[in-house]
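Enquirer: Next comes run_22.pdb, PDB, C-alpha atoms:
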ATOM      1  CA  MET A  27       3.827  15.848 -27.551
ATOM      2  CA  SER A  28       3.668  18.822 -25.209
ATOM      3  CA  SER A  29       4.621  18.637 -21.570
ATOM      4  CA  VAL A  30       1.740  19.077 -19.104
ATOM      5  CA  SER A  31       2.180  19.693 -15.408
ATOM      6  CA  ILE A  32       0.129  17.188 -13.436
ATOM      7  CA  ASN A  33       0.040  19.547 -10.471
ATOM      8  CA  HIS A  34      -2.230  22.072 -12.167
ATOM      9  CA  PRO A  35      -5.558  21.720 -10.309
ATOM     10  CA  ASP A  36      -7.781  22.811 -13.232
ATOM     11  CA  GLN A  37      -6.231  20.238 -15.567
ATOM     12  CA  VAL A  38      -6.547  17.480 -12.966
ATOM     13  CA  ARG A  39     -10.197  18.393 -12.273
ATOM     14  CA  ALA A  40     -10.951  18.354 -15.994
ATOM     15  CA  ALA A  41      -9.316  14.931 -16.360
ATOM     16  CA  TRP A  42     -11.296  13.514 -13.422
ATOM     17  CA  LYS A  43     -14.511  14.973 -14.857
ATOM     18  CA  LYS A  44     -13.820  13.398 -18.256
ATOM     19  CA  TYR A  45     -13.894   9.877 -16.739
ATOM     20  CA  TYR A  46     -16.257  10.478 -13.854
ATOM     21  CA  HIS A  47     -19.012   8.470 -15.581
ATOM     22  CA  LEU A  48     -16.850   5.338 -15.421
ATOM     23  CA  TRP A  49     -16.675   5.408 -11.619
ATOM     24  CA  LYS A  50     -19.631   3.472 -10.147
ATOM     25  CA  ARG A  51     -20.977   4.825  -6.850
ATOM     26  CA  GLU A  52     -21.546   2.595  -3.822
ATOM     27  CA  ASP A  53     -22.406   3.130  -0.164
ATOM     28  CA  VAL A  54     -21.408   0.409   2.289
ATOM     29  CA  GLY A  55     -21.578   0.045   6.043
ATOM     30  CA  ALA A  56     -18.830  -0.309   8.606
ATOM     31  CA  LYS A  57     -16.835  -3.548   8.624
ATOM     32  CA  HIS A  58     -17.648  -4.242   4.974
ATOM     33  CA  VAL A  59     -14.932  -6.202   3.164
ATOM     34  CA  LEU A  60     -14.101  -4.625  -0.196
ATOM     35  CA  LEU A  61     -11.382  -7.188  -0.952
ATOM     36  CA  LYS A  62     -10.645 -10.366   0.990
ATOM     37  CA  GLU A  63      -7.089 -11.576   1.493
ATOM     38  CA  GLY A  64      -6.516 -14.341  -1.094
ATOM     39  CA  ASP A  65      -9.008 -12.927  -3.637
ATOM     40  CA  ILE A  66      -7.947 -11.178  -6.835
ATOM     41  CA  SER A  67      -8.439  -7.411  -6.876
ATOM     42  CA  ARG A  68     -10.786  -6.412  -9.686
ATOM     43  CA  LYS A  69     -11.630  -2.852  -8.564
ATOM     44  CA  VAL A  70      -9.936   0.414  -7.700
ATOM     45  CA  TYR A  71     -11.786   2.378  -4.997
ATOM     46  CA  MET A  72     -11.847   6.130  -4.464
ATOM     47  CA  ILE A  73     -13.188   7.146  -1.044
ATOM     48  CA  GLU A  74     -15.651  10.023  -1.059
ATOM     49  CA  LYS A  75     -16.597   9.756   2.609
ATOM     50  CA  GLY A  76     -15.450   7.406   5.331
ATOM     51  CA  CYS A  77     -12.461   5.413   6.482
ATOM     52  CA  VAL A  78     -10.938   2.170   5.179
ATOM     53  CA  ARG A  79      -8.105  -0.003   6.449
ATOM     54  CA  ASN A  80      -5.755  -2.559   4.930
ATOM     55  CA  TRP A  81      -4.945  -5.538   7.138
ATOM     56  CA  PHE A  82      -3.628  -9.073   6.949
ATOM     57  CA  ASN A  83      -4.111 -12.166   9.070
ATOM     58  CA  HIS A  84      -1.087 -13.290  11.089
ATOM     59  CA  ASN A  85      -1.706 -16.465  13.106
ATOM     60  CA  GLY A  86      -5.371 -15.549  13.601
ATOM     61  CA  LYS A  87      -4.642 -11.933  14.524
ATOM     62  CA  GLU A  88      -5.623  -8.985  12.324
ATOM     63  CA  ILE A  89      -2.651  -6.695  11.665
ATOM     64  CA  SER A  90      -3.722  -3.255  10.395
ATOM     65  CA  PHE A  91      -1.023  -1.541   8.369
ATOM     66  CA  GLN A  92      -2.609   1.304   6.441
ATOM     67  CA  PHE A  93      -5.621   3.648   6.659
ATOM     68  CA  PHE A  94      -7.400   5.593   3.914
ATOM     69  CA  PHE A  95      -9.743   8.589   4.106
ATOM     70  CA  GLU A  96     -11.653  10.992   1.862
ATOM     71  CA  GLY A  97      -9.946  11.525  -1.494
ATOM     72  CA  ASP A  98      -7.695   8.475  -1.175
ATOM     73  CA  VAL A  99      -7.555   5.715  -3.774
ATOM     74  CA  VAL A 100      -7.235   2.194  -2.372
ATOM     75  CA  TYR A 101      -6.737  -1.191  -4.010
ATOM     76  CA  SER A 102      -4.359  -4.121  -3.973
ATOM     77  CA  ALA A 103      -2.082  -2.857  -6.737
ATOM     78  CA  GLU A 104      -0.067  -6.007  -7.348
ATOM     79  CA  SER A 105      -3.165  -8.197  -7.323
ATOM     80  CA  PHE A 106      -5.006  -5.791  -9.646
ATOM     81  CA  ARG A 107      -2.140  -5.478 -12.145
ATOM     82  CA  LYS A 108      -0.966  -9.110 -12.167
ATOM     83  CA  ASN A 109      -4.264 -10.933 -11.483
ATOM     84  CA  ILE A 110      -2.783 -12.699  -8.460
ATOM     85  CA  PRO A 111      -4.322 -13.182  -4.996
ATOM     86  CA  SER A 112      -4.146 -10.189  -2.680
ATOM     87  CA  VAL A 113      -1.928 -10.603   0.373
ATOM     88  CA  TYR A 114      -4.229  -8.387   2.460
ATOM     89  CA  THR A 115      -7.850  -7.459   3.102
ATOM     90  CA  ILE A 116      -9.402  -4.059   2.410
ATOM     91  CA  GLU A 117     -12.214  -3.317   4.887
ATOM     92  CA  THR A 118     -14.303  -0.299   5.841
ATOM     93  CA  ILE A 119     -14.002   0.982   9.415
ATOM     94  CA  GLU A 120     -17.016   3.283   9.287
ATOM     95  CA  PRO A 121     -19.846   3.705   6.767
ATOM     96  CA  VAL A 122     -18.247   4.620   3.453
ATOM     97  CA  SER A 123     -19.378   6.331   0.267
ATOM     98  CA  LEU A 124     -17.065   5.409  -2.545
ATOM     99  CA  ARG A 125     -16.650   5.149  -6.250
ATOM    100  CA  TRP A 126     -15.050   2.165  -7.910
ATOM    101  CA  LEU A 127     -13.522   1.477 -11.267
ATOM    102  CA  SER A 128     -13.160  -1.901 -12.966
ATOM    103  CA  GLN A 129      -9.963  -3.212 -14.542
ATOM    104  CA  LYS A 130     -11.459  -2.699 -18.007
ATOM    105  CA  ASP A 131     -12.357   0.931 -17.301
ATOM    106  CA  MET A 132      -8.950   1.515 -15.736
ATOM    107  CA  GLU A 133      -7.418   0.780 -19.141
ATOM    108  CA  LEU A 134      -9.241   3.819 -20.562
ATOM    109  CA  ILE A 135      -7.841   6.032 -17.816
ATOM    110  CA  ARG A 136      -4.322   4.686 -18.368
ATOM    111  CA  GLU A 137      -4.502   6.179 -21.852
ATOM    112  CA  ASP A 138      -5.052   9.637 -20.342
ATOM    113  CA  LEU A 139      -1.604  10.375 -18.955
ATOM    114  CA  LEU A 140      -2.673  13.412 -16.929
ATOM    115  CA  LEU A 141      -5.271  11.563 -14.893
ATOM    116  CA  TYR A 142      -3.271   8.360 -14.660
ATOM    117  CA  ASN A 143      -0.247  10.304 -13.415
ATOM    118  CA  GLU A 144      -2.412  11.978 -10.770
ATOM    119  CA  MET A 145      -3.666   8.576  -9.584
ATOM    120  CA  ILE A 146      -0.091   7.272  -9.510
ATOM    121  CA  ARG A 147       1.046  10.365  -7.566
ATOM    122  CA  ARG A 148      -1.615   9.692  -4.932
ATOM    123  CA  ALA A 149      -0.608   6.038  -4.730
ATOM    124  CA  VAL A 150       3.061   6.995  -4.366
ATOM    125  CA  ASP A 151       2.156   9.405  -1.553
ATOM    126  CA  LYS A 152       0.346   6.585   0.289
ATOM    127  CA  GLN A 153       3.314   4.264  -0.342
ATOM    128  CA  ALA A 154       5.674   6.860   1.128
ATOM    129  CA  GLU A 155       3.411   7.138   4.177
ATOM    130  CA  PHE A 156       3.517   3.351   4.540
ATOM    131  CA  MET A 157       7.323   3.326   4.290
ATOM    132  CA  ARG A 158       7.613   5.987   7.025
ATOM    133  CA  HIS A 159       5.407   3.787   9.213
ATOM    134  CA  PHE A 160       7.505   0.709   8.411
ATOM    135  CA  PHE A 161      10.767   2.468   9.300
ATOM    136  CA  SER A 162       9.174   3.728  12.502
ATOM    137  CA  TYR A 163       8.722   0.054  13.494
ATOM    138  CA  LEU A 164      12.444  -0.458  13.115
ATOM    139  CA  ARG A 165      13.729   2.593  14.959
ATOM    140  CA  ASP A 166      11.067   3.913  17.373
ATOM    141  CA  THR A 167       9.586   2.719  20.640
ATOM    142  CA  PRO A 168       5.815   2.142  20.784
ATOM    143  CA  LYS A 169       5.449   5.455  22.640
ATOM    144  CA  GLU A 170       7.423   7.259  19.931
ATOM    145  CA  ARG A 171       5.310   5.579  17.213
ATOM    146  CA  TYR A 172       2.133   6.752  18.956
ATOM    147  CA  GLU A 173       3.454  10.313  19.346
ATOM    148  CA  LEU A 174       4.450  10.338  15.673
ATOM    149  CA  LEU A 175       0.979   9.130  14.729
ATOM    150  CA  LEU A 176      -0.563  11.930  16.825
ATOM    151  CA  TYR A 177       1.623  14.468  15.026
ATOM    152  CA  GLN A 178       1.518  13.152  11.445
ATOM    153  CA  ASN A 179      -1.935  11.533  11.223
ATOM    154  CA  PRO A 180      -4.301  12.908  13.885
ATOM    155  CA  GLU A 181      -7.248  11.842  11.725
ATOM    156  CA  ILE A 182      -6.416   8.195  12.463
ATOM    157  CA  ILE A 183      -6.597   8.874  16.220
ATOM    158  CA  LYS A 184      -9.967  10.604  15.793
ATOM    159  CA  ARG A 185     -11.651   8.052  13.535
ATOM    160  CA  VAL A 186     -10.063   4.617  13.889
ATOM    161  CA  PRO A 187     -11.045   2.250  16.742
ATOM    162  CA  LEU A 188      -8.331   1.727  19.345
ATOM    163  CA  GLN A 189      -7.872  -1.990  18.618
ATOM    164  CA  HIS A 190      -6.939  -1.132  14.993
ATOM    165  CA  ILE A 191      -4.598   1.656  16.121
ATOM    166  CA  ALA A 192      -2.909  -0.750  18.562
ATOM    167  CA  SER A 193      -2.467  -3.294  15.765
ATOM    168  CA  TYR A 194      -1.107  -0.581  13.461
ATOM    169  CA  LEU A 195       1.433   0.393  16.124
ATOM    170  CA  GLY A 196       2.381  -3.246  16.775
ATOM    171  CA  ILE A 197       1.204  -3.250  20.396
ATOM    172  CA  THR A 198      -1.703  -4.540  22.437
ATOM    173  CA  ALA A 199      -4.753  -2.437  23.257
ATOM    174  CA  VAL A 200      -3.669  -2.514  26.916
ATOM    175  CA  SER A 201      -0.231  -1.116  26.046
ATOM    176  CA  LEU A 202      -1.866   1.574  23.929
ATOM    177  CA  SER A 203      -4.092   2.563  26.860
ATOM    178  CA  ARG A 204      -1.023   2.867  29.093
ATOM    179  CA  ILE A 205       0.786   5.032  26.550
ATOM    180  CA  ARG A 206      -2.267   7.260  26.073
ATOM    181  CA  ASN A 207      -2.613   7.694  29.845
ATOM    182  CA  ARG A 208       1.035   8.839  30.124
ATOM    183  CA  ILE A 209       0.781  11.459  27.399
TER     184      ILE A 209
END
Would you give me this structure, written as structure tokens?
Expert:
Amino acid sequence: MSSVSINHPDQVRAAWKKYYHLWKREDVGAKHVLLKEGDISRKVYMIEKGCVRNWFNHNGKEISFQFFFEGDVVYSAESFRKNIPSVYTIETIEPVSLRWLSQKDMELIREDLLLYNEMIRRAVDKQAEFMRHFFSYLRDTPKERYELLLYQNPEIIKRVPLQHIASYLGITAVSLSRIRNRI
């Protein structure tokens, strides 16, 4: 078996094209739930246009913890792989055009190592982003978290409603307004 670099754009494009027919297209409006907390994930979503968030319910309060944009793949990985209930909800923030893939069709892609590795690479990148955010909770003040968000993810500031940004930063909307007014 020959070694193939998964970073070669032409090879990745060819692999995506090979399985493009398996991805079903769907357009949904803002605030559309793609996966409800407690349900089993049966689809993998690739965002073509729009913004999606992951959140969970904590004592009646929605806690946003991750955002996805064009080109991102989003799903509840553990739920999808193990057929167990998802511990979070996946919901659109704005109207979204997406493609989705079923568990059955995902098996076909898993056989194509180039494409599967590319999907895994994207998922690992999003996981690393989540871990940076998590560690920021432990070491940074809310103001520092907001400044880091401005620097690292300005797209979130531009496209995500303030109440979701406040939740993501672990502060109230009022505190976020105060921080924004000071910067």
Enquirer: Hey, what's within 10 Å of Val200 (chain A) if we count all atoms listed in the file and toss same-chain stuff fewer than 4 positions away? As a PyMOL selection string, please?
Expert: chain A and resi 188-189+192+204-206
Enquirer: Just the number, please: distance in Å from CA of Ile191 (chain A) to CA of Lys69 (chain A), one decimal.
Expert: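 Between CA of Ile191 (chain A) and CA of Lys69 (chain A) the gap is 26.1 Å.
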Enquirer: Applied to the shown file, which residues does the PyMOL selection byres ((chain A and resi 49-63) around 7) return, written as number ranges by chain?
Expert: A: 46-48, 64-65, 67, 82, 112-127
Enquirer: Skipping near chain neighbours, those fewer than 2 positions away, what residues fall within 9 Å of region 157-165 of chain A using only C-alpha atoms, listed as a list in words?
Expert: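 Listing them by chain and then by number gives Phe91, Gln92, Lys152, Gln153, Ala154, Glu155, Thr167, Pro168, Glu170, Arg171, Leu174, Leu175, Tyr194, Leu195 and Gly196 of chain A.
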Enquirer: Grab the CA of Arg136 (chain A) to CA of Trp81 (chain A) distance for me, in Å with one decimal place.
Expert: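 CA of Trp81 (chain A) lies at a distance of 27.5 Å from CA of Arg136 (chain A).
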Enquirer: Show me, as AutoDock Vina command-line options, the centre and edge lengths in Å to one decimal of the axis-aligned box that covers every listed atom of region 56-74 of chain A with 6 Å on each side.
Expert:
--center_x -12.7 --center_y -2.2 --center_z -0.5 --size_x 24.3 --size_y 36.4 --size_z 30.3
Enquirer: Calculate how many Å separate CA of Asp151 (chain A) from CA of Glu74 (chain A), rounding to one decimal.
Expert: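 These two atoms are separated by 17.8 Å.
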Enquirer: Using all atoms listed in the file, find the one residue out of A:Phe95, A:Asn109, A:Ile66, A:Lys87 that sits nearest to Pro180 (chain A).
Expert: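 Selected residue with least distance to Pro180 (chain A): A:Phe95.
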Enquirer: Hey, which of A:Glu133, A:Glu144, A:Asp166, A:Glu173 ends up closest to Phe106 (chain A)? Count all atoms listed in the file.
Expert: A:Glu133
